[in-house]
>>> print(open('query17.csv').read())   # CSV, C-alpha atoms
chain,number,residue,atom,x,y,z
A,1,MET,CA,49.4,55.6,14.8
A,2,CYS,CA,47.0,53.6,16.9
A,3,ALA,CA,44.2,56.1,16.3
A,4,THR,CA,43.9,55.0,12.7
A,5,CYS,CA,44.9,51.3,12.8
A,6,GLY,CA,41.7,49.8,14.2
A,7,CYS,CA,43.7,47.6,16.5
A,8,GLY,CA,41.1,48.1,19.3
A,9,SER,CA,38.5,46.4,17.1
A,10,ASP,CA,40.8,43.6,16.3
A,11,GLY,CA,41.3,42.2,19.7
A,12,LYS,CA,41.5,38.6,18.5
A,13,THR,CA,45.0,39.2,17.2
A,14,THR,CA,47.5,37.9,19.6
A,15,TYR,CA,51.2,37.1,19.1
A,16,PHE,CA,53.4,35.1,21.3
A,17,LEU,CA,56.6,34.3,19.4
A,18,VAL,CA,59.2,35.9,21.6
A,19,ASP,CA,59.4,37.8,24.9
A,20,LYS,CA,60.1,41.2,23.4
A,21,ASP,CA,56.8,41.2,21.6
A,22,LEU,CA,55.1,41.3,25.0
A,23,SER,CA,57.1,44.3,25.9
A,24,HIS,CA,55.8,45.9,22.7
A,25,ILE,CA,52.3,45.4,23.8
A,26,ARG,CA,53.0,47.1,27.1
A,27,ASP,CA,54.8,50.0,25.4
A,28,HIS,CA,52.0,50.2,23.0
A,29,ASN,CA,49.3,50.5,25.7
A,30,HIS,CA,51.2,53.0,27.7
A,31,SER,CA,52.7,55.2,25.2
A,32,HIS,CA,49.7,56.4,23.3
A,33,PRO,CA,47.5,58.2,25.8
A,34,HIS,CA,50.3,60.2,27.3
A,35,SER,CA,49.6,63.3,25.4
A,36,HIS,CA,46.4,63.7,27.3
A,37,ASP,CA,48.0,63.2,30.7
A,38,HIS,CA,50.0,66.4,30.8
A,39,PRO,CA,47.5,69.3,30.7
A,40,HIS,CA,49.2,71.0,33.6
A,41,ASP,CA,51.0,74.3,33.1
A,42,GLN,CA,49.7,74.6,29.6
A,43,GLY,CA,48.2,77.9,28.6
A,44,HIS,CA,48.0,79.3,32.1
A,45,THR,CA,51.6,79.6,33.2
A,46,HIS,CA,52.6,83.2,33.6
A,47,PRO,CA,55.3,84.2,31.2
A,48,GLN,CA,58.1,83.6,33.7
A,49,PRO,CA,61.5,84.0,32.2
A,50,ASN,CA,61.6,80.2,31.5
A,51,GLU,CA,64.9,78.9,30.3
A,52,LYS,CA,64.7,78.1,26.6
A,53,LYS,CA,66.7,75.4,25.2
A,54,ILE,CA,67.5,74.0,21.8
A,55,ILE,CA,67.4,70.2,21.4
A,56,ASP,CA,69.0,68.5,18.4
A,57,VAL,CA,66.7,65.8,17.2
A,58,GLU,CA,67.7,64.8,13.7
A,59,MET,CA,65.0,62.1,13.6
A,60,ASP,CA,63.1,60.9,10.6
A,61,VAL,CA,59.4,61.7,11.0
A,62,LEU,CA,58.4,58.3,9.9
A,63,TYR,CA,61.0,56.7,12.2
A,64,GLN,CA,58.4,54.9,14.2
A,65,ASN,CA,56.8,53.4,11.2
A,66,ASN,CA,60.2,52.5,9.6
A,67,LEU,CA,61.3,50.8,12.8
A,68,LEU,CA,58.2,48.7,12.9
A,69,ALA,CA,58.6,48.0,9.1
A,70,GLU,CA,62.1,46.7,9.7
A,71,ARG,CA,60.8,44.6,12.5
A,72,ASN,CA,58.2,43.1,10.2
A,73,ARG,CA,60.8,42.6,7.6
A,74,GLY,CA,63.0,40.7,10.0
A,75,TYR,CA,60.1,38.5,11.0
A,76,PHE,CA,59.3,37.8,7.3
A,77,ASP,CA,63.0,37.1,6.5
A,78,ALA,CA,63.4,34.7,9.5
A,79,LYS,CA,60.4,32.7,8.3
A,80,ASN,CA,61.3,33.0,4.7
A,81,ILE,CA,58.0,34.7,3.9
A,82,LEU,CA,57.8,36.7,0.7
A,83,ALA,CA,55.8,39.8,1.6
A,84,LEU,CA,54.4,41.8,-1.3
A,85,ASN,CA,52.7,45.1,-1.0
A,86,LEU,CA,50.1,45.6,-3.7
A,87,VAL,CA,49.1,49.2,-4.4
A,88,SER,CA,46.9,50.9,-6.9
A,89,SER,CA,43.9,53.2,-7.3
A,90,PRO,CA,40.5,51.7,-6.4
A,91,GLY,CA,39.1,49.4,-9.0
A,92,SER,CA,42.3,48.5,-10.9
A,93,GLY,CA,41.7,44.8,-10.2
A,94,LYS,CA,44.0,44.0,-7.2
A,95,THR,CA,41.6,41.6,-5.7
A,96,SER,CA,40.7,40.0,-9.0
A,97,LEU,CA,44.4,39.5,-9.7
A,98,LEU,CA,44.8,37.9,-6.2
A,99,GLU,CA,41.8,35.6,-6.7
A,100,LYS,CA,43.2,34.3,-10.0
A,101,THR,CA,46.7,33.9,-8.6
A,102,LEU,CA,45.6,32.2,-5.4
A,103,THR,CA,43.4,29.8,-7.3
A,104,ASP,CA,46.0,29.0,-10.1
A,105,LEU,CA,49.0,28.6,-7.9
A,106,LYS,CA,47.4,27.0,-4.9
A,107,ALA,CA,49.0,23.6,-5.5
A,108,GLU,CA,52.5,25.1,-5.9
A,109,LEU,CA,52.8,27.8,-3.2
A,110,CYS,CA,51.5,28.5,0.2
A,111,PHE,CA,49.7,31.9,0.5
A,112,ALA,CA,48.3,34.2,3.1
A,113,VAL,CA,46.6,37.6,2.5
A,114,ILE,CA,46.1,40.8,4.4
A,115,GLU,CA,43.4,43.0,3.0
A,116,GLY,CA,43.3,46.7,3.6
A,117,ASP,CA,40.1,48.7,3.1
A,118,GLN,CA,38.4,51.6,4.8
A,119,GLN,CA,35.2,49.6,5.4
A,120,THR,CA,33.7,46.1,4.8
A,121,ASN,CA,35.0,42.6,4.7
A,122,ASN,CA,34.0,42.1,1.0
A,123,ASP,CA,37.6,41.6,-0.3
A,124,ALA,CA,38.5,39.3,2.5
A,125,ASP,CA,35.4,37.2,1.8
A,126,ARG,CA,36.4,36.9,-1.9
A,127,ILE,CA,39.9,35.8,-0.8
A,128,PHE,CA,38.6,33.4,1.8
A,129,ALA,CA,36.4,31.8,-0.9
A,130,THR,CA,39.6,30.7,-2.7
A,131,GLY,CA,40.6,28.7,0.5
A,132,THR,CA,43.4,31.2,1.5
A,133,LYS,CA,44.1,32.4,5.1
A,134,VAL,CA,43.2,36.1,5.2
A,135,THR,CA,42.9,39.0,7.6
A,136,GLN,CA,40.9,42.1,6.8
A,137,ILE,CA,42.1,45.4,8.2
A,138,ASN,CA,39.5,48.2,8.2
A,139,THR,CA,41.2,51.5,8.5
A,140,GLY,CA,38.0,53.4,9.2
A,141,LYS,CA,39.0,56.9,8.0
A,142,GLY,CA,42.6,56.0,7.3
A,143,CYS,CA,43.9,56.3,3.7
A,144,HIS,CA,46.8,53.8,3.9
A,145,LEU,CA,48.1,50.8,5.8
A,146,ASP,CA,51.1,51.3,8.0
A,147,ALA,CA,53.7,48.9,9.5
A,148,HIS,CA,52.0,48.9,12.9
A,149,MET,CA,48.8,47.5,11.3
A,150,ILE,CA,50.7,44.8,9.5
A,151,LEU,CA,52.4,43.8,12.8
A,152,HIS,CA,48.9,43.4,14.4
A,153,ALA,CA,47.4,41.6,11.4
A,154,THR,CA,50.4,39.2,11.1
A,155,ARG,CA,49.9,38.2,14.7
A,156,GLY,CA,46.4,37.0,14.0
A,157,LEU,CA,47.2,35.6,10.6
A,158,LYS,CA,50.4,33.7,11.5
A,159,PRO,CA,51.5,33.1,7.9
A,160,ALA,CA,53.3,29.8,7.4
A,161,ASP,CA,57.1,29.5,6.9
A,162,ASN,CA,58.1,29.7,3.3
A,163,SER,CA,54.8,31.2,2.2
A,164,VAL,CA,53.9,34.2,0.1
A,165,LEU,CA,52.1,37.0,2.0
A,166,PHE,CA,50.1,39.4,-0.2
A,167,ILE,CA,49.3,42.7,1.5
A,168,GLU,CA,46.5,44.4,-0.5
A,169,ASN,CA,46.8,48.1,0.4
A,170,VAL,CA,44.0,50.6,0.6
A,171,GLY,CA,43.1,51.7,-3.0
A,172,ASN,CA,44.9,55.0,-3.2
A,173,LEU,CA,47.9,56.0,-5.3
A,174,VAL,CA,49.1,58.7,-3.0
A,175,CYS,CA,49.4,58.0,0.7
A,176,PRO,CA,50.5,54.3,0.8
A,177,ALA,CA,53.7,55.3,-1.1
A,178,MET,CA,55.1,56.9,2.0
A,179,PHE,CA,54.6,53.9,4.4
A,180,ASP,CA,57.0,51.0,4.3
A,181,LEU,CA,55.2,47.9,5.6
A,182,GLY,CA,58.3,45.7,5.7
A,183,GLU,CA,57.5,44.2,2.3
A,184,LYS,CA,60.2,42.7,0.0
A,185,GLU,CA,58.7,44.1,-3.1
A,186,ARG,CA,56.1,46.7,-3.9
A,187,VAL,CA,53.8,46.0,-6.8
A,188,VAL,CA,51.8,48.8,-8.4
A,189,ILE,CA,48.8,47.9,-10.5
A,190,ILE,CA,47.2,50.0,-13.1
A,191,SER,CA,44.4,49.1,-15.5
A,192,VAL,CA,43.9,50.2,-19.1
A,193,THR,CA,40.6,52.0,-18.1
A,194,GLU,CA,42.7,54.6,-16.3
A,195,GLY,CA,44.7,57.3,-17.9
A,196,ASP,CA,48.1,56.5,-19.5
A,197,ASP,CA,49.6,59.5,-17.8
A,198,LYS,CA,49.0,58.1,-14.4
A,199,PRO,CA,52.7,57.3,-13.7
A,200,LEU,CA,53.4,61.0,-14.2
A,201,LYS,CA,50.4,62.2,-12.1
A,202,TYR,CA,51.3,59.8,-9.2
A,203,PRO,CA,55.0,59.5,-9.5
A,204,ASP,CA,55.8,58.6,-5.8
A,205,MET,CA,54.0,55.3,-6.1
A,206,PHE,CA,55.7,54.3,-9.4
A,207,HIS,CA,59.0,55.5,-8.1
A,208,SER,CA,58.9,53.4,-5.0
A,209,SER,CA,57.6,50.2,-6.7
A,210,THR,CA,59.7,47.4,-8.3
A,211,LEU,CA,57.0,45.9,-10.5
A,212,CYS,CA,54.2,47.4,-12.4
A,213,ILE,CA,51.3,45.2,-13.6
A,214,ILE,CA,49.1,46.6,-16.3
A,215,ASN,CA,45.7,44.9,-15.9
A,216,LYS,CA,42.6,44.5,-18.0
A,217,ILE,CA,44.5,44.4,-21.3
A,218,ASP,CA,41.5,42.5,-22.9
A,219,LEU,CA,39.8,45.9,-22.9
A,220,LEU,CA,42.5,47.6,-25.0
A,221,PRO,CA,40.5,47.6,-28.2
A,222,TYR,CA,37.7,49.6,-26.5
A,223,VAL,CA,39.5,52.3,-24.6
A,224,PRO,CA,41.8,55.2,-25.7
A,225,PHE,CA,44.7,53.9,-23.7
A,226,ASP,CA,48.2,53.9,-25.3
A,227,ILE,CA,50.0,51.0,-23.6
A,228,GLU,CA,53.4,52.0,-25.0
A,229,LYS,CA,52.9,55.5,-23.7
A,230,VAL,CA,52.1,54.3,-20.2
A,231,LYS,CA,55.2,52.1,-20.2
A,232,ALA,CA,57.4,55.0,-21.3
A,233,ASN,CA,55.9,57.2,-18.7
A,234,ALA,CA,56.4,54.6,-15.9
A,235,LYS,CA,60.0,54.1,-17.1
A,236,LYS,CA,60.6,57.9,-17.0
A,237,VAL,CA,59.6,58.0,-13.3
A,238,ASN,CA,61.5,54.8,-12.4
A,239,HIS,CA,63.9,53.3,-14.9
A,240,LYS,CA,64.3,50.1,-12.8
A,241,LEU,CA,60.6,49.3,-12.9
A,242,GLU,CA,59.7,45.9,-14.4
A,243,ILE,CA,56.4,45.9,-16.3
A,244,ILE,CA,54.0,42.9,-16.9
A,245,GLU,CA,50.8,43.1,-18.9
A,246,VAL,CA,47.9,40.9,-17.9
A,247,SER,CA,44.2,40.2,-18.1
A,248,CYS,CA,42.6,38.5,-15.3
A,249,THR,CA,39.5,37.9,-17.5
A,250,THR,CA,41.2,36.1,-20.4
A,251,GLY,CA,44.3,34.9,-18.4
A,252,GLU,CA,46.6,36.5,-20.9
A,253,GLY,CA,50.0,37.5,-19.4
A,254,LEU,CA,49.3,35.7,-16.1
A,255,PRO,CA,52.0,33.0,-16.7
A,256,ILE,CA,54.6,35.8,-16.8
A,257,TRP,CA,53.4,37.2,-13.5
A,258,TYR,CA,53.4,33.7,-12.0
A,259,GLN,CA,56.9,33.2,-13.3
A,260,TRP,CA,58.0,36.5,-11.7
A,261,LEU,CA,56.4,35.6,-8.4
A,262,LYS,CA,58.0,32.1,-8.3
A,263,SER,CA,61.4,33.7,-9.1
A,264,LYS,CA,61.1,35.8,-6.0
A,265,VAL,CA,60.3,32.8,-3.7
A,266,LEU,CA,63.5,31.7,-2.0
A,267,GLN,CA,64.0,28.0,-1.4
A,268,PRO,CA,64.2,27.4,2.4
A,269,GLU,CA,67.8,27.1,3.6
A,270,PRO,CA,68.6,23.6,4.9
A,271,ALA,CA,68.9,23.4,8.7
A,272,ILE,CA,72.5,23.1,9.8
B,1,MET,CA,45.8,63.1,3.7
B,2,HIS,CA,48.8,61.2,5.0
B,3,GLU,CA,50.0,64.6,6.2
B,4,LEU,CA,47.9,64.0,9.4
B,5,SER,CA,49.9,60.8,10.2
B,6,VAL,CA,53.1,62.8,9.4
B,7,VAL,CA,52.1,65.6,11.8
B,8,MET,CA,51.2,63.1,14.5
B,9,GLY,CA,54.6,61.6,14.1
B,10,ILE,CA,56.2,65.0,14.5
B,11,ILE,CA,54.2,65.7,17.6
B,12,LYS,CA,55.1,62.4,19.1
B,13,ILE,CA,58.9,62.9,18.5
B,14,ALA,CA,58.8,66.5,19.8
B,15,GLU,CA,56.9,65.5,23.0
B,16,ASP,CA,59.1,62.6,23.7
B,17,TYR,CA,62.3,64.7,23.4
B,18,ALA,CA,60.8,67.6,25.3
B,19,ILE,CA,59.6,65.4,28.2
B,20,ALA,CA,63.0,63.8,28.3
B,21,ALA,CA,64.6,67.2,28.6
B,22,GLY,CA,62.3,68.2,31.4
B,23,ALA,CA,60.6,70.9,29.4
B,24,HIS,CA,56.9,71.8,29.6
B,25,SER,CA,56.3,73.3,26.2
B,26,VAL,CA,57.7,73.2,22.7
B,27,ASP,CA,58.1,76.6,21.2
B,28,GLU,CA,59.5,75.8,17.8
B,29,VAL,CA,60.0,72.7,15.7
B,30,GLU,CA,62.6,72.8,12.9
B,31,LEU,CA,61.9,70.4,10.1
B,32,ASP,CA,63.8,69.3,7.0
B,33,ILE,CA,61.4,68.6,4.2
B,34,GLY,CA,62.6,67.6,0.7
B,35,THR,CA,60.7,68.8,-2.3
B,36,LEU,CA,60.2,65.1,-3.3
B,37,SER,CA,59.1,63.9,0.1
B,38,GLY,CA,55.5,63.7,-0.9
B,39,ILE,CA,54.3,66.3,1.5
B,40,ASP,CA,51.6,68.8,0.4
B,41,MET,CA,52.3,71.9,2.4
B,42,ASP,CA,48.7,73.1,2.5
B,43,SER,CA,47.5,69.8,3.9
B,44,MET,CA,50.4,69.8,6.3
B,45,ASP,CA,49.5,73.3,7.6
B,46,PHE,CA,45.9,72.2,8.0
B,47,ALA,CA,46.8,69.1,9.9
B,48,TRP,CA,49.4,70.9,12.0
B,49,LYS,CA,46.9,73.5,13.3
B,50,GLN,CA,44.4,70.8,14.2
B,51,ALA,CA,46.7,68.1,15.6
B,52,LYS,CA,48.8,70.2,17.9
B,53,LYS,CA,45.9,71.5,20.0
B,54,GLY,CA,46.1,70.4,23.6
B,55,THR,CA,49.6,69.0,23.2
B,56,MET,CA,52.9,70.4,24.3
B,57,LEU,CA,53.1,72.0,20.9
B,58,ASN,CA,49.9,74.0,21.4
B,59,ASP,CA,51.7,77.3,20.9
B,60,SER,CA,54.5,76.0,18.8
B,61,VAL,CA,55.6,77.3,15.4
B,62,LYS,CA,57.2,75.2,12.7
B,63,LYS,CA,60.2,76.3,10.8
B,64,ILE,CA,60.7,74.4,7.6
B,65,ASN,CA,64.0,74.0,5.7
B,66,SER,CA,63.0,73.1,2.2
B,67,ILE,CA,65.5,70.9,0.6
B,68,THR,CA,65.6,71.1,-3.2
B,69,ALA,CA,65.7,67.6,-4.8
B,70,LYS,CA,68.8,66.7,-6.8
B,71,ALA,CA,69.5,63.9,-9.1
B,72,LYS,CA,72.6,62.4,-10.8
B,73,CYS,CA,72.5,61.1,-14.4
B,74,LEU,CA,73.7,57.5,-14.7
B,75,ASP,CA,74.6,58.1,-18.3
B,76,CYS,CA,76.7,61.3,-18.2
B,77,ASN,CA,77.2,61.7,-14.4
B,78,ALA,CA,75.8,65.2,-14.4
B,79,GLU,CA,74.2,66.4,-11.2
B,80,PHE,CA,71.2,68.7,-11.4
B,81,PRO,CA,68.2,69.9,-9.4
B,82,ILE,CA,64.9,68.2,-10.3
B,83,LYS,CA,61.3,69.1,-9.7
B,84,ASN,CA,59.7,65.8,-10.7
B,85,TYR,CA,60.8,62.2,-10.7
B,86,TYR,CA,60.3,62.1,-14.5
B,87,ASP,CA,62.6,65.0,-15.3
B,88,ALA,CA,65.2,64.2,-17.9
B,89,CYS,CA,68.9,65.0,-17.5
B,90,PRO,CA,69.4,68.6,-18.8
B,91,VAL,CA,72.8,67.6,-20.3
B,92,CYS,CA,72.1,64.4,-22.2
B,93,GLY,CA,68.3,64.1,-22.1
B,94,GLU,CA,68.2,60.7,-20.5
B,95,HIS,CA,65.8,59.5,-17.9
B,96,LEU,CA,68.3,57.2,-16.2
B,97,ILE,CA,68.6,59.3,-13.1
B,98,ASN,CA,69.2,58.5,-9.4
B,99,ILE,CA,67.7,60.8,-6.8
B,100,ILE,CA,70.5,62.1,-4.5
B,101,CYS,CA,68.5,64.2,-2.1
B,102,GLY,CA,65.1,65.7,-1.7
B,103,LYS,CA,63.2,62.9,0.0
B,104,GLU,CA,64.1,64.2,3.5
B,105,LEU,CA,61.3,64.3,6.1
B,106,LYS,CA,62.8,64.8,9.5
B,107,VAL,CA,62.7,66.8,12.7
B,108,ARG,CA,66.0,68.6,12.9
B,109,SER,CA,65.7,70.4,16.3
B,110,LEU,CA,63.3,71.8,18.9
B,111,LEU,CA,63.2,74.9,20.9
B,112,VAL,CA,61.7,74.1,24.3
B,113,SER,CA,61.0,75.9,27.5
>>> encode(input="query17.csv", output="structure tokens")
Amino acid sequence: MCATCGCGSDGKTTYFLVDKDLSHIRDHNHSHPHSHDHPHDQGHTHPQPNEKKIIDVEMDVLYQNNLLAERNRGYFDAKNILALNLVSSPGSGKTSLLEKTLTDLKAELCFAVIEGDQQTNNDADRIFATGTKVTQINTGKGCHLDAHMILHATRGLKPADNSVLFIENVGNLVCPAMFDLGEKERVVIISVTEGDDKPLKYPDMFHSSTLCIINKIDLLPYVPFDIEKVKANAKKVNHKLEIIEVSCTTGEGLPIWYQWLKSKVLQPEPAI
Amino acid sequence: MHELSVVMGIIKIAEDYAIAAGAHSVDEVELDIGTLSGIDMDSMDFAWKQAKKGTMLNDSVKKINSITAKAKCLDCNAEFPIKNYYDACPVCGEHLINIICGKELKVRSLLVS
């Protein structure tokens, strides 16, 4: 996992909440290079009648990621942070939606943002301009964020208790679907300049999301996009999916999105 | 190309178990892969060949148990195999279905020496 997470270039991220985190750092440093430390025997051993043995494993391939995701989830729960994973194809308006949301709700909610892109800090700069705490993850060649990256990014970002943490995933409707980051809700964004059959073409993402935001509805008169069809297609893939239509340009529909967002923020429990 | 991350995950699990068992190579990896797991087999084969080089899985073969996805209709309770998330219930035509299996992606067993 480390090979793609860019954590080496993000050395400023430190984390010192509890002791077990330090052990994670040690594990982390020691466990990765090991595959290169055992070249002995390989290839050159004579075909001795080695004893062969079957080992029952029964382990999920994404177990490591899922374990870290649950760890992130526990951290978010303990601090009453609402973590949302925003996924979409590139150019559907994730960052614009965030800019609008952060600006409009600044007085009511506390926010933090993790930006995921292959290259550049452009998105983080846009978020920073709204006055919000933000960490940019550059995945290099990576096509998705994973739980390990979020763990590192959160260490540097230190989102406040009772805040909303937006994680803007790498623009990609395929790979990020498989990787749980520890989020509370997954929000898939599609814009009307895309095809209305997108939910059918990329069903994994729509199946694993809880909310679908249809963006750029101000452009509907100019594009051959059947909004009822896209909604029907999305519901075919995931009958539990909620759908909200918005335009970040005109502001239409944004109050419904804000209402949804506020409904997900839990009031902090009083200290006993 | 998330298949590369998946293959790296498989190699890590296999090596951890093999080392713990005192083995020096992994000869076979048995995988359970559901038809709705989101894995493209061609990409997986490509990633597999590249990623296992120089690891304990260098000469390893993979055996894949493909698990056909099944769903249950929430309207009429029928159980049926599905190919896509958007498939309708073949009995009542509804799309209110829950996936029962087919999302598996796990290492079932290893043959080591």
>>> atom_distance(input="query17.csv", atom1="CA of Ile217 in chain A", atom2="CA of Lys235 in chain A")
18.8 Å
>>> residues_around(input="query17.csv", residues="range 161-167 of chain A", least_positions_apart="4", cutoff="7 Å", atoms="all atoms listed in the file", output="PyMOL selection string")
chain A and resi 79-86+109-115+268
>>> closest_residue(input="query17.csv", among="A:Ser88, A:Asn66, A:Asn72, A:Thr120", to="chain B", atoms="only C-alpha atoms")
A:Asn66
>>> residues_around(input="query17.csv", residues="Arg126 in chain A", least_positions_apart="6", cutoff="9 Å", atoms="all atoms listed in the file", output="NGL selection string")
:A and (95-96 or 99)
>>> residues_around(input="query17.csv", residues="range 26-37 of chain B", least_positions_apart="5", cutoff="6 Å", atoms="all atoms listed in the file", output="list of chain:residue names")
B:Met56, B:Leu57, B:Ser60, B:Val61, B:Lys62, B:Lys63, B:Ile64, B:Asn65, B:Ser66, B:Ile67, B:Thr68, B:Ala69, B:Gly102, B:Lys103, B:Glu104, B:Leu105, B:Lys106, B:Val107, B:Arg108, B:Ser109, B:Leu110, B:Leu111, B:Val112
>>> residues_around(input="query17.csv", residues="range 75-83 of chain B", least_positions_apart="3", cutoff="10 Å", atoms="all atoms listed in the file", output="JSON, numbers by chain")
{"B": [35, 36, 68, 69, 70, 71, 72, 86, 87, 88, 89, 90, 91, 92, 93, 94, 95, 96, 97, 98, 99, 100, 101, 102]}
>>> residues_around(input="query17.csv", residues="range 7-23 of chain B", least_positions_apart="6", cutoff="6 Å", atoms="all atoms listed in the file", output="list in words")
Val61 of chain A; Trp48 and Ser113 of chain B
>>> interface_residues(input="query17.csv", of="chain A", to="chain B", cutoff="6 Å", atoms="all atoms listed in the file", output="MDAnalysis selection string")
chainID A and resid 50:61 175 236:237
>>> atom_distance(input="query17.csv", atom1="CA of Ile244 in chain A", atom2="CA of Tyr202 in chain A")
18.8 Å
>>> atom_distance(input="query17.csv", atom1="CA of Ala69 in chain A", atom2="CA of Ile127 in chain A")
24.4 Å
>>> closest_residue(input="query17.csv", among="A:Pro176, A:Pro224, A:Pro270, A:Pro203", to="Ala147 in chain A", atoms="only C-alpha atoms")
A:Pro176
